[in-house]
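A.B. asks: First the structure, which I've put down as structure tokens, then a few questions once you've had a look.
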Amino acid sequence: MRTKLLALFCFAFSVPAVAQENPGRRETILRAVKDFVIPRYETLAQATKAEQDAWSAFCAAPKADGLAGLKSSYHTAADAWSGIEFVLYGPVGTDFRFERMAHWPERKNAIGRGLTNLLARKGTDDLTPERFAQTSAAVQGFSALERLLYDPDAAGAFTSGSAEATRRCNVAVAIASNLARTSAQVLDEWTRPDGVLTSLETGDDAKIEEAATRLATDYLGLFDIVDDQKLGAVMGDGTENVRPTLAEGWRSGRSMRAIAINLEAAQALGQILVDPASDEGSSLGFALRTARGMTEGAPADIGKATADPKERRNLVLLRDAVHSLRETAQAAVPAALGISLGFNSRDGD
Amino acid sequence: MTVIDRRSFLGALGAAVAGSFYPRRAYAAGERPLFVSACFAGENAASVAVFSLDGEMLFNTRLPDRGHDIALRPASSDLVVFARRPGNWAAIVDRMSGEVRQVVTSPEGRHFYGHGVFSADGALLYATENHVAAGDGVLGIYDARNGYRRVGEMPSFGVGPHDLAYLPGNRHIVVANGGIRTNPQTGREILNKDQMEPSLAIVDPSSESVLLKVDLGPDLKGLSIRHLAVSPRGETLFGCQFTGDDTEMPALVGTLMPDGKSRFLEMPDDALDAMRNYVGSVALDASGTFAAATSPVGNTIAFWNLDTGRFLGRRRMSDVCGVVAAPMDGVFLATSGNSGVSLAPVAQDQLKSLGGTELGRWVWDNHVVSI
């Protein structure tokens with residue numbers, strides 16, 4: 001019996017598992033980079049630059065009626081971020097840029113504490129790009145800028161003419177500039193002559209396979225984040241356990257909008273990664289349309305909606321749809337790219 | 001889910017045989033630094049592989065399902081690959097040839113947690129197990145000299161034991177009792193989220209008694225202690241996973257001295273935040289001075305100097321989990337589920353990929369061990 005059992009295990013010596021040249025995969029990954037990743041970083045770089053300009057103009061002569069324009073530029077830039085946020089592969093992973101672009105979910109009130117410290121200091125010496133990059137990651141990006149802009153007393157705090165108001169404006173400009181600078185760096189490192197795109201175009205199949213693996217991991221990770229964090233953590237296990245302030249962007253009323261854009265991005269990349277004409281691509285497309293459909297006309301504020309038994313049902317359905325979308329994508333994407341995915345991050349021990 | 005009854009176990013093994021056999025090529029141990037880790041090689045081909053520091057794959061052996069940690073039997077060529085929690089098998093693999101010598105299954109009513117350790121003479125294997133009905137942690141005792149027959153069990157002195165290690169002197173074992181009671185059906189769903197009892201227990205296997213048990217206090221009940229590494233002077237490095245409120249951010253890595261004094265290793269908020277309340281593995285470097293902890297959730301490796309307690313920085317590596325000392329002082333070897341194997345020198349900002357081979361393309365599971 002034992003011999004039989006043993007015979008059933010299989011051992012294999014290192015026969016070079018030859019990197020399988022896979023022309024379809026190369027084409028798919030290059031298309032994903034050229035048609036999805038880079039255009040979205042271009043949009044992000046433009047939107048964050050416009051936001052930086054808006055803050056510089058506002059702070060030159062702060063007036064309360066200028067806040068509406070700042071909020072509009074904030075939404076445009078945050079929309080652009082929501083459209084590429086799930087990609088960790090590439091230059092956004094360098095120097096912990098990802099954590100500096102946005103800081104959510106927030107732990108230990110890091111943004112609140114960081115901003116209190118930052119606002120209490122004086123002058124602008126600590127706000128130069130070099131010095132500002134050394135400060136807490138929590139205060140460097142969208143989450144901190146939202147906190148300043150959507151403070152219930154923002155109008156007074158920015159326009160009182162006091163030294164504190166000037167400092168507050170300078171901090172906001174520093175954050176907006178950091179977002180614009182980081183976005184421009186990420187775009188540049190993708191597109192410059194010796195950048196990531198070129199390295200993929202000229203790289204061997206192992207390089208393409210790594211990119212495929214990383215992009216697919218990020219892609220599936222998005223659905224986990226929406227399911228567990230953007231929806232699940234806020235919804236709790238019942239209407240009595242709702243945590244509205246855990247919602248992403250609740251101050252700016254972006255919690256549902258962010259998910260809708262995340263799913264739009266997932267559909268755009270999904271169509272590239274998995275041939276929509278294939279059975280798997282058709283299933284993925286259907287699952288994406290189903291989930292996206294549920295975000296249309298949904299209440300803007302997840303925290304508020306989930307406390308209402310009637311609205312909550314729709315959020316439960318959305319969560320189920322995202323969960324099932326994850327399963328569909330898990331079955332479709334790695335197979336289409338000819339890769340296997342490991343998820344120590346997801347099912348570790 | 002890796003609880004496998006005998007029939008499906010055999011079925012799974014049968015399916016694993018679909019892969020082809022390759023010619024045997026033995027190698028001599030001790031010639032060069034070697035490492036072993038569970039992995040996937042291609043679609044759903046759960047395996048265990050041995051590779052060298054220069055990136056050569058020496059062998060890989062198919063497993064019926066995902067493996068977790070690997071115990072090395074002293075004075076023997078046995079490697080014991082444990083099934084991932086809550087598995088019921090452990091494969092005894094020849095570290096020279098890759099051949100599976102034997103398959104050990106946990107007895108009825110017990111399942112493995114994925115870690116085990118040998119007595120110094122290589123005679124007895126202690127494996128962390130769950131007494132499913134009672135929910136208590138036990139150390140199953142297997143006699144390696146007699147075909148790994150299960151000769152007894154002793155309490156782990158806690159719930160949900162995970163990693164374990166001998167302290168210097170090879171008399172006492174330190175056990176990380178994760179404190180989590182899991183659903184025996186799935187083996188992963190947490191049943192006692194509000195009443196977890198994580199602890200570190202130093203046990204004496206000869207008397208089957210507990211010498212010291214340390215918990216982290218009522219404020220840190222949600223902090224599951226899961227992985228360990230022991231320094232030559234007997235300091236136990238431990239890494240935790242926080243299952244509580246995700247807006248909290250407790251310290252995740254600490255040390256315990258044999259006299260019971262414990263401390264958390266400090267790290268700046270940004271770095272702690274990047275660990276995302278999750279440590280997947282911990283290791284000490286070859287000198288025993290430097291500590292590393294990995295977070296696959298945060299795609300981060302963090303370093304400390306154990307002598308001074310100082311935080312020494314962090315590196316980004318996607319889905320990094322396995323970490324072990326490289327032969328050079330101050331250098332770790334780290335493995336990932338999606339970005340291969342790299343050397344991580346504490347003193348340098350850059351990781352050095354052991355690339356150019358299948359090492360870079362395979363999916364590496366949670367732990368890597370130096371042979």
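Here, A, B, ... name the chains of the structure tokens in the order displayed, residue numbers run from 1 inside each chain, and ligands are numbered from 1 in the same displayed order.
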Range 36-51 of chain A: which residues within 7 Å, counting only C-alpha atoms, same-chain residues fewer than 2 positions away excluded, as a PDB file with all heavy atoms, in the first residue's frame?

C.D. replies:
```
ATOM      1  N   ALA A  32      -2.308  46.419 -23.107  1.00  0.00           N
ATOM      2  CA  ALA A  32      -2.802  46.856 -21.795  1.00  0.00           C
ATOM      3  C   ALA A  32      -2.032  48.093 -21.328  1.00  0.00           C
ATOM      4  O   ALA A  32      -2.607  49.033 -20.779  1.00  0.00           O
ATOM      5  CB  ALA A  32      -2.660  45.725 -20.776  1.00  0.00           C
ATOM      6  N   VAL A  33      -0.726  48.088 -21.575  1.00  0.00           N
ATOM      7  CA  VAL A  33       0.094  49.223 -21.143  1.00  0.00           C
ATOM      8  C   VAL A  33      -0.200  50.456 -21.994  1.00  0.00           C
ATOM      9  O   VAL A  33      -0.406  51.559 -21.487  1.00  0.00           O
ATOM     10  CB  VAL A  33       1.591  48.843 -21.195  1.00  0.00           C
ATOM     11  CG1 VAL A  33       2.465  50.071 -21.004  1.00  0.00           C
ATOM     12  CG2 VAL A  33       1.900  47.790 -20.136  1.00  0.00           C
ATOM     13  N   LYS A  34      -0.255  50.250 -23.320  1.00  0.00           N
ATOM     14  CA  LYS A  34      -0.413  51.410 -24.221  1.00  0.00           C
ATOM     15  C   LYS A  34      -1.837  51.957 -24.225  1.00  0.00           C
ATOM     16  O   LYS A  34      -2.042  53.163 -24.363  1.00  0.00           O
ATOM     17  CB  LYS A  34      -0.038  51.005 -25.647  1.00  0.00           C
ATOM     18  CG  LYS A  34       1.448  50.814 -25.849  1.00  0.00           C
ATOM     19  CD  LYS A  34       1.695  50.422 -27.305  1.00  0.00           C
ATOM     20  CE  LYS A  34       3.108  49.930 -27.521  1.00  0.00           C
ATOM     21  NZ  LYS A  34       3.236  49.248 -28.813  1.00  0.00           N
ATOM     22  N   ASP A  53      -2.462  73.793 -10.096  1.00  0.00           N
ATOM     23  CA  ASP A  53      -2.613  75.177 -10.570  1.00  0.00           C
ATOM     24  C   ASP A  53      -3.788  75.863  -9.870  1.00  0.00           C
ATOM     25  O   ASP A  53      -3.711  77.046  -9.518  1.00  0.00           O
ATOM     26  CB  ASP A  53      -2.815  75.198 -12.089  1.00  0.00           C
ATOM     27  CG  ASP A  53      -1.558  74.760 -12.834  1.00  0.00           C
ATOM     28  OD1 ASP A  53      -0.477  74.729 -12.208  1.00  0.00           O
ATOM     29  OD2 ASP A  53      -1.656  74.424 -14.034  1.00  0.00           O
ATOM     30  N   ALA A  54      -4.872  75.114  -9.688  1.00  0.00           N
ATOM     31  CA  ALA A  54      -6.057  75.691  -9.037  1.00  0.00           C
ATOM     32  C   ALA A  54      -5.730  76.119  -7.609  1.00  0.00           C
ATOM     33  O   ALA A  54      -6.136  77.192  -7.156  1.00  0.00           O
ATOM     34  CB  ALA A  54      -7.201  74.679  -9.055  1.00  0.00           C
ATOM     35  N   TRP A  55      -4.977  75.274  -6.908  1.00  0.00           N
ATOM     36  CA  TRP A  55      -4.616  75.619  -5.528  1.00  0.00           C
ATOM     37  C   TRP A  55      -3.666  76.813  -5.485  1.00  0.00           C
ATOM     38  O   TRP A  55      -3.797  77.690  -4.628  1.00  0.00           O
ATOM     39  CB  TRP A  55      -3.992  74.419  -4.813  1.00  0.00           C
ATOM     40  CG  TRP A  55      -5.026  73.535  -4.191  1.00  0.00           C
ATOM     41  CD1 TRP A  55      -5.490  72.349  -4.683  1.00  0.00           C
ATOM     42  CD2 TRP A  55      -5.741  73.763  -2.972  1.00  0.00           C
ATOM     43  NE1 TRP A  55      -6.447  71.825  -3.856  1.00  0.00           N
ATOM     44  CE2 TRP A  55      -6.624  72.670  -2.788  1.00  0.00           C
ATOM     45  CE3 TRP A  55      -5.732  74.780  -2.023  1.00  0.00           C
ATOM     46  CZ2 TRP A  55      -7.475  72.572  -1.691  1.00  0.00           C
ATOM     47  CZ3 TRP A  55      -6.580  74.685  -0.926  1.00  0.00           C
ATOM     48  CH2 TRP A  55      -7.447  73.585  -0.767  1.00  0.00           C
ATOM     49  N   SER A  73     -11.915  70.583  -9.108  1.00  0.00           N
ATOM     50  CA  SER A  73     -10.628  70.049  -9.578  1.00  0.00           C
ATOM     51  C   SER A  73     -10.223  68.836  -8.736  1.00  0.00           C
ATOM     52  O   SER A  73      -9.585  67.901  -9.238  1.00  0.00           O
ATOM     53  CB  SER A  73      -9.541  71.123  -9.549  1.00  0.00           C
ATOM     54  OG  SER A  73      -9.232  71.496  -8.221  1.00  0.00           O
ATOM     55  N   TYR A  74     -10.636  68.835  -7.473  1.00  0.00           N
ATOM     56  CA  TYR A  74     -10.351  67.661  -6.635  1.00  0.00           C
ATOM     57  C   TYR A  74     -11.057  66.427  -7.198  1.00  0.00           C
ATOM     58  O   TYR A  74     -10.456  65.361  -7.346  1.00  0.00           O
ATOM     59  CB  TYR A  74     -10.800  67.902  -5.182  1.00  0.00           C
ATOM     60  CG  TYR A  74     -10.584  66.679  -4.309  1.00  0.00           C
ATOM     61  CD1 TYR A  74      -9.343  66.437  -3.748  1.00  0.00           C
ATOM     62  CD2 TYR A  74     -11.602  65.753  -4.116  1.00  0.00           C
ATOM     63  CE1 TYR A  74      -9.121  65.296  -2.985  1.00  0.00           C
ATOM     64  CE2 TYR A  74     -11.393  64.609  -3.350  1.00  0.00           C
ATOM     65  CZ  TYR A  74     -10.153  64.390  -2.791  1.00  0.00           C
ATOM     66  OH  TYR A  74      -9.928  63.256  -2.048  1.00  0.00           O
ATOM     67  N   THR A  76     -12.104  65.845 -10.215  1.00  0.00           N
ATOM     68  CA  THR A  76     -11.531  65.421 -11.501  1.00  0.00           C
ATOM     69  C   THR A  76     -10.248  64.623 -11.275  1.00  0.00           C
ATOM     70  O   THR A  76     -10.031  63.570 -11.890  1.00  0.00           O
ATOM     71  CB  THR A  76     -11.235  66.658 -12.376  1.00  0.00           C
ATOM     72  OG1 THR A  76     -12.428  67.431 -12.469  1.00  0.00           O
ATOM     73  CG2 THR A  76     -10.781  66.255 -13.767  1.00  0.00           C
ATOM     74  N   ALA A  77      -9.410  65.126 -10.367  1.00  0.00           N
ATOM     75  CA  ALA A  77      -8.144  64.430 -10.104  1.00  0.00           C
ATOM     76  C   ALA A  77      -8.391  63.104  -9.388  1.00  0.00           C
ATOM     77  O   ALA A  77      -7.774  62.075  -9.726  1.00  0.00           O
ATOM     78  CB  ALA A  77      -7.226  65.324  -9.272  1.00  0.00           C
ATOM     79  N   ALA A  80      -9.535  60.528 -11.743  1.00  0.00           N
ATOM     80  CA  ALA A  80      -8.418  59.981 -12.529  1.00  0.00           C
ATOM     81  C   ALA A  80      -7.658  58.939 -11.710  1.00  0.00           C
ATOM     82  O   ALA A  80      -7.241  57.898 -12.227  1.00  0.00           O
ATOM     83  CB  ALA A  80      -7.480  61.107 -12.959  1.00  0.00           C
ATOM     84  N   TRP A  81      -7.495  59.203 -10.413  1.00  0.00           N
ATOM     85  CA  TRP A  81      -6.816  58.244  -9.545  1.00  0.00           C
ATOM     86  C   TRP A  81      -7.653  56.968  -9.415  1.00  0.00           C
ATOM     87  O   TRP A  81      -7.132  55.852  -9.536  1.00  0.00           O
ATOM     88  CB  TRP A  81      -6.541  58.870  -8.178  1.00  0.00           C
ATOM     89  CG  TRP A  81      -5.935  57.927  -7.186  1.00  0.00           C
ATOM     90  CD1 TRP A  81      -6.492  57.499  -6.030  1.00  0.00           C
ATOM     91  CD2 TRP A  81      -4.651  57.279  -7.271  1.00  0.00           C
ATOM     92  NE1 TRP A  81      -5.638  56.630  -5.380  1.00  0.00           N
ATOM     93  CE2 TRP A  81      -4.503  56.475  -6.127  1.00  0.00           C
ATOM     94  CE3 TRP A  81      -3.619  57.303  -8.224  1.00  0.00           C
ATOM     95  CZ2 TRP A  81      -3.370  55.696  -5.893  1.00  0.00           C
ATOM     96  CZ3 TRP A  81      -2.486  56.523  -7.985  1.00  0.00           C
ATOM     97  CH2 TRP A  81      -2.369  55.746  -6.838  1.00  0.00           C
ATOM     98  N   GLY A  83      -9.418  55.679 -11.471  1.00  0.00           N
ATOM     99  CA  GLY A  83      -9.367  54.958 -12.738  1.00  0.00           C
ATOM    100  C   GLY A  83      -8.084  54.167 -12.953  1.00  0.00           C
ATOM    101  O   GLY A  83      -7.992  53.404 -13.933  1.00  0.00           O
ATOM    102  N   ILE A  84      -7.094  54.326 -12.103  1.00  0.00           N
ATOM    103  CA  ILE A  84      -5.831  53.585 -12.279  1.00  0.00           C
ATOM    104  C   ILE A  84      -5.295  53.099 -10.938  1.00  0.00           C
ATOM    105  O   ILE A  84      -4.286  52.399 -10.854  1.00  0.00           O
ATOM    106  CB  ILE A  84      -4.778  54.465 -13.005  1.00  0.00           C
ATOM    107  CG1 ILE A  84      -3.534  53.671 -13.433  1.00  0.00           C
ATOM    108  CG2 ILE A  84      -4.385  55.681 -12.163  1.00  0.00           C
ATOM    109  CD1 ILE A  84      -3.780  52.646 -14.505  1.00  0.00           C
ATOM    110  N   ALA A 176      -1.025  69.227  -3.190  1.00  0.00           N
ATOM    111  CA  ALA A 176      -1.439  69.214  -4.597  1.00  0.00           C
ATOM    112  C   ALA A 176      -0.214  69.122  -5.508  1.00  0.00           C
ATOM    113  O   ALA A 176      -0.230  68.410  -6.526  1.00  0.00           O
ATOM    114  CB  ALA A 176      -2.257  70.462  -4.912  1.00  0.00           C
ATOM    115  N   LEU A 179       1.130  65.565  -5.455  1.00  0.00           N
ATOM    116  CA  LEU A 179       0.316  64.682  -6.300  1.00  0.00           C
ATOM    117  C   LEU A 179       0.679  64.862  -7.775  1.00  0.00           C
ATOM    118  O   LEU A 179       0.821  63.885  -8.518  1.00  0.00           O
ATOM    119  CB  LEU A 179      -1.173  64.984  -6.083  1.00  0.00           C
ATOM    120  CG  LEU A 179      -1.773  64.454  -4.785  1.00  0.00           C
ATOM    121  CD1 LEU A 179      -3.161  65.065  -4.550  1.00  0.00           C
ATOM    122  CD2 LEU A 179      -1.882  62.935  -4.833  1.00  0.00           C
ATOM    123  N   ALA A 180       0.827  66.111  -8.175  1.00  0.00           N
ATOM    124  CA  ALA A 180       1.139  66.388  -9.581  1.00  0.00           C
ATOM    125  C   ALA A 180       2.537  65.890  -9.933  1.00  0.00           C
ATOM    126  O   ALA A 180       2.753  65.277 -10.986  1.00  0.00           O
ATOM    127  CB  ALA A 180       1.026  67.887  -9.850  1.00  0.00           C
ATOM    128  N   SER A 183       2.609  62.017  -9.973  1.00  0.00           N
ATOM    129  CA  SER A 183       1.907  61.507 -11.156  1.00  0.00           C
ATOM    130  C   SER A 183       2.762  61.696 -12.402  1.00  0.00           C
ATOM    131  O   SER A 183       2.827  60.809 -13.269  1.00  0.00           O
ATOM    132  CB  SER A 183       0.569  62.232 -11.334  1.00  0.00           C
ATOM    133  OG  SER A 183      -0.212  62.109 -10.169  1.00  0.00           O
ATOM    134  N   ALA A 184       3.417  62.854 -12.495  1.00  0.00           N
ATOM    135  CA  ALA A 184       4.273  63.115 -13.656  1.00  0.00           C
ATOM    136  C   ALA A 184       5.467  62.169 -13.668  1.00  0.00           C
ATOM    137  O   ALA A 184       5.876  61.672 -14.734  1.00  0.00           O
ATOM    138  CB  ALA A 184       4.747  64.572 -13.637  1.00  0.00           C
ATOM    139  N   LEU A 187       4.282  58.705 -14.832  1.00  0.00           N
ATOM    140  CA  LEU A 187       4.055  58.706 -16.287  1.00  0.00           C
ATOM    141  C   LEU A 187       5.382  58.696 -17.036  1.00  0.00           C
ATOM    142  O   LEU A 187       5.582  57.920 -17.978  1.00  0.00           O
ATOM    143  CB  LEU A 187       3.226  59.942 -16.667  1.00  0.00           C
ATOM    144  CG  LEU A 187       2.977  60.138 -18.159  1.00  0.00           C
ATOM    145  CD1 LEU A 187       2.184  58.969 -18.743  1.00  0.00           C
ATOM    146  CD2 LEU A 187       2.231  61.456 -18.409  1.00  0.00           C
ATOM    147  N   LEU A 269      -9.845  47.384 -18.715  1.00  0.00           N
ATOM    148  CA  LEU A 269      -8.679  46.500 -18.768  1.00  0.00           C
ATOM    149  C   LEU A 269      -9.106  45.056 -19.046  1.00  0.00           C
ATOM    150  O   LEU A 269      -8.413  44.330 -19.774  1.00  0.00           O
ATOM    151  CB  LEU A 269      -7.875  46.585 -17.463  1.00  0.00           C
ATOM    152  CG  LEU A 269      -6.586  45.757 -17.438  1.00  0.00           C
ATOM    153  CD1 LEU A 269      -5.635  46.163 -18.578  1.00  0.00           C
ATOM    154  CD2 LEU A 269      -5.864  45.892 -16.104  1.00  0.00           C
TER     155      LEU A 269
END
```

A.B. asks: Would you pick out the contacts of Gly342 in chain A at 10 Å or less, using only C-alpha atoms, so that residues sharing its chain but fewer than 5 positions from it are not included, and give the list as a ChimeraX atom specification?

C.D. replies: /A:213,217,347-348 /B:39-40,319,336-339,362-366

A.B. asks: Could you tell me, as a PyMOL selection string, which residues of range 46-212 of chain A DSSP assigns to alpha helix (DSSP H) when given the backbone?

C.D. replies: chain A and resi 46-60+67-82+97-101+110-120+129-132+142-149+154-159+163-191+196-202+205-212

A.B. asks: Quick one: pull the distance between CA of Ala102 in chain A and CA of Phe142 in chain A, Å, one decimal.

C.D. replies: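 Going from CA of Ala102 in chain A over to CA of Phe142 in chain A covers 5.0 Å.
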
A.B. asks: Near Arg121 in chain A, counting only C-alpha atoms, which residues have an atom at most 10 Å away, once you skip same-chain residues fewer than 3 positions from it, shown as a list in words?

C.D. replies: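 Contacts, with the query itself left out: Thr116, Asn117, Leu118, Thr124, Asp125, Asp126, Glu164, Arg167 and Arg168 of chain A.
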
A.B. asks: So that I can see what lies close to range 323-329 of chain A, please list as a VMD selection string the residues with an atom at most 12 Å from it, counting only C-alpha atoms and leaving out residues fewer than 5 positions away in the same chain.

C.D. replies: chain A and resid 216 to 228 231 to 232 263 266 to 267 269 to 271 273 to 274 279 to 292 316 to 318 334 to 337

A.B. asks: Kindly give the distance, in Å, that separates CA of Ser255 in chain A and CA of Phe132 in chain A, rounded to a single decimal.

C.D. replies: 27.9 Å

A.B. asks: Which polymer residues have any atom within 6 Å of an atom of Ala293 in chain B, counting only C-alpha atoms, with same-chain residues fewer than 3 positions away left out, as a list in words?

C.D. replies: Ser281, Val282, Ile301 and Ala302 of chain B

A.B. asks: Please determine, counting only C-alpha atoms, which residue among B:Asp94, B:Asp121, B:Asp204, B:Glu248 has the shortest atom-to-atom distance to chain A.

C.D. replies: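 Of all the options, B:Glu248 lies closest to chain A.
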
A.B. asks: Just want the 10 Å neighbourhood of Ala154 in chain A, counted on only C-alpha atoms, with same-chain residues fewer than 4 positions away dropped. Output as a ChimeraX atom specification.

C.D. replies: /A:64,67,147-150,158-159,165,168

A.B. asks: Quick check for you: according to DSSP on this backbone, which residues of range 12-251 of chain B are classed as strand (DSSP E)? Reply as a ChimeraX atom specification.

C.D. replies: /B:34-40,46-52,57-62,67-72,78-83,89-94,100-105,110-118,124-131,136-143,149-155,161-166,173-177,199-204,209-214,223-230,236-242

A.B. asks: Write out, as a CSV table (one decimal), in the first residue's frame, the residues just selected, with C-alpha atoms.

C.D. replies:
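That gives us result.csv:
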```csv
chain,number,residue,atom,x,y,z
B,34,LEU,CA,20.3,25.4,-0.9
B,35,PHE,CA,16.8,26.5,0.0
B,36,VAL,CA,13.5,24.7,0.0
B,37,SER,CA,10.0,26.0,-0.4
B,38,ALA,CA,6.5,24.9,-1.3
B,39,CYS,CA,5.4,26.4,-4.6
B,40,PHE,CA,3.2,26.2,-7.7
B,46,ALA,CA,1.4,22.3,-6.2
B,47,SER,CA,5.1,21.3,-5.6
B,48,VAL,CA,8.0,21.5,-3.2
B,49,ALA,CA,11.2,22.7,-4.8
B,50,VAL,CA,14.9,22.9,-3.8
B,51,PHE,CA,17.0,25.7,-5.4
B,52,SER,CA,20.4,27.1,-5.0
B,57,MET,CA,16.4,24.7,-9.5
B,58,LEU,CA,17.6,21.3,-8.3
B,59,PHE,CA,14.3,19.5,-8.2
B,60,ASN,CA,10.7,19.9,-7.8
B,61,THR,CA,8.3,17.3,-6.5
B,62,ARG,CA,4.6,17.4,-7.1
B,67,GLY,CA,2.3,22.8,1.1
B,68,HIS,CA,3.2,25.3,3.9
B,69,ASP,CA,6.3,25.0,6.0
B,70,ILE,CA,9.1,22.5,5.8
B,71,ALA,CA,10.9,20.8,8.7
B,72,LEU,CA,14.5,19.5,8.3
B,78,ASP,CA,14.5,13.9,5.3
B,79,LEU,CA,12.5,17.0,4.5
B,80,VAL,CA,9.0,17.1,6.0
B,81,VAL,CA,6.6,19.2,3.9
B,82,PHE,CA,3.4,20.0,5.8
B,83,ALA,CA,0.1,20.6,4.1
B,89,TRP,CA,-0.9,15.1,5.3
B,90,ALA,CA,2.9,15.7,5.5
B,91,ALA,CA,5.2,14.4,2.9
B,92,ILE,CA,8.7,13.1,3.8
B,93,VAL,CA,10.9,14.1,0.9
B,94,ASP,CA,14.5,13.2,0.3
B,100,VAL,CA,8.9,11.2,-1.7
B,101,ARG,CA,9.7,8.5,0.8
B,102,GLN,CA,6.6,8.5,2.8
B,103,VAL,CA,3.3,10.3,3.4
B,104,VAL,CA,2.2,10.8,7.0
B,105,THR,CA,-1.4,11.6,7.7
B,110,ARG,CA,-6.6,16.1,14.4
B,111,HIS,CA,-5.3,18.3,11.6
B,112,PHE,CA,-2.0,19.8,11.0
B,113,TYR,CA,-1.4,23.6,11.2
B,114,GLY,CA,1.4,23.6,8.7
B,115,HIS,CA,4.6,23.7,11.0
B,116,GLY,CA,6.7,21.1,12.7
B,117,VAL,CA,10.2,20.8,14.3
B,118,PHE,CA,12.6,17.9,15.0
B,124,LEU,CA,11.1,12.9,17.1
B,125,LEU,CA,9.0,15.3,15.1
B,126,TYR,CA,6.7,17.7,16.9
B,127,ALA,CA,3.9,19.1,14.7
B,128,THR,CA,1.3,21.7,15.6
B,129,GLU,CA,-2.1,20.2,15.4
B,130,ASN,CA,-5.7,21.0,16.2
B,131,HIS,CA,-7.7,18.7,18.5
B,136,ASP,CA,-7.4,22.8,21.8
B,137,GLY,CA,-3.9,23.1,20.3
B,138,VAL,CA,-1.7,20.0,20.6
B,139,LEU,CA,1.8,19.0,19.5
B,140,GLY,CA,1.6,15.7,17.7
B,141,ILE,CA,4.7,13.6,18.3
B,142,TYR,CA,6.0,11.4,15.5
B,143,ASP,CA,8.9,8.9,15.8
B,149,ARG,CA,4.6,6.6,13.7
B,150,ARG,CA,2.6,8.9,15.8
B,151,VAL,CA,3.7,8.1,19.4
B,152,GLY,CA,1.7,10.6,21.3
B,153,GLU,CA,0.7,14.2,21.7
B,154,MET,CA,1.1,17.0,24.3
B,155,PRO,CA,-0.8,20.2,24.8
B,161,PRO,CA,-0.8,26.8,17.6
B,162,HIS,CA,1.1,27.7,14.4
B,163,ASP,CA,4.8,28.0,14.2
B,164,LEU,CA,7.2,26.4,16.7
B,165,ALA,CA,11.0,26.3,17.2
B,166,TYR,CA,13.6,24.8,19.6
B,173,ILE,CA,10.3,24.4,22.4
B,174,VAL,CA,8.7,27.8,21.9
B,175,VAL,CA,5.2,27.6,20.4
B,176,ALA,CA,3.2,30.5,18.8
B,177,ASN,CA,-0.4,29.9,19.9
B,199,SER,CA,0.2,33.5,23.5
B,200,LEU,CA,3.8,32.3,23.3
B,201,ALA,CA,4.4,29.2,25.3
B,202,ILE,CA,7.8,27.7,26.2
B,203,VAL,CA,7.3,24.0,26.7
B,204,ASP,CA,9.4,21.2,27.9
B,209,SER,CA,4.8,20.8,30.7
B,210,VAL,CA,4.8,24.5,30.1
B,211,LEU,CA,7.6,26.5,31.6
B,212,LEU,CA,6.4,29.9,30.6
B,213,LYS,CA,3.4,31.4,28.9
B,214,VAL,CA,3.3,35.0,27.8
B,223,LEU,CA,-3.1,40.1,17.7
B,224,SER,CA,-2.6,36.5,16.6
B,225,ILE,CA,1.1,35.4,17.1
B,226,ARG,CA,1.9,33.1,14.2
B,227,HIS,CA,5.5,32.9,13.2
B,228,LEU,CA,8.8,32.6,15.0
B,229,ALA,CA,12.6,32.6,14.6
B,230,VAL,CA,15.0,32.0,17.4
B,236,THR,CA,12.5,34.5,20.0
B,237,LEU,CA,11.5,36.8,17.2
B,238,PHE,CA,7.7,36.7,16.7
B,239,GLY,CA,5.4,38.1,14.0
B,240,CYS,CA,1.7,38.7,14.3
B,241,GLN,CA,-1.4,39.2,12.3
B,242,PHE,CA,-4.0,41.6,13.6
```

A.B. asks: Quote the spacing between CA of Glu189 in chain B and CA of Asn109 in chain A in Å to one decimal place.

C.D. replies: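 These two atoms are separated by 28.7 Å.
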
A.B. asks: Which residue is closest to chain A? Choose from B:Thr186, B:Ser97, B:Asn192, B:Ser370 and count only C-alpha atoms.

C.D. replies: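 Nearest to chain A: B:Ser97.
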
A.B. asks: Residues at most 8 Å from Lys193 in chain B, counting only C-alpha atoms, excluding those fewer than 4 positions away in the same chain, as a list of chain:residue names?

C.D. replies: B:Ile180, B:Gly222, B:Thr243, B:Gly244
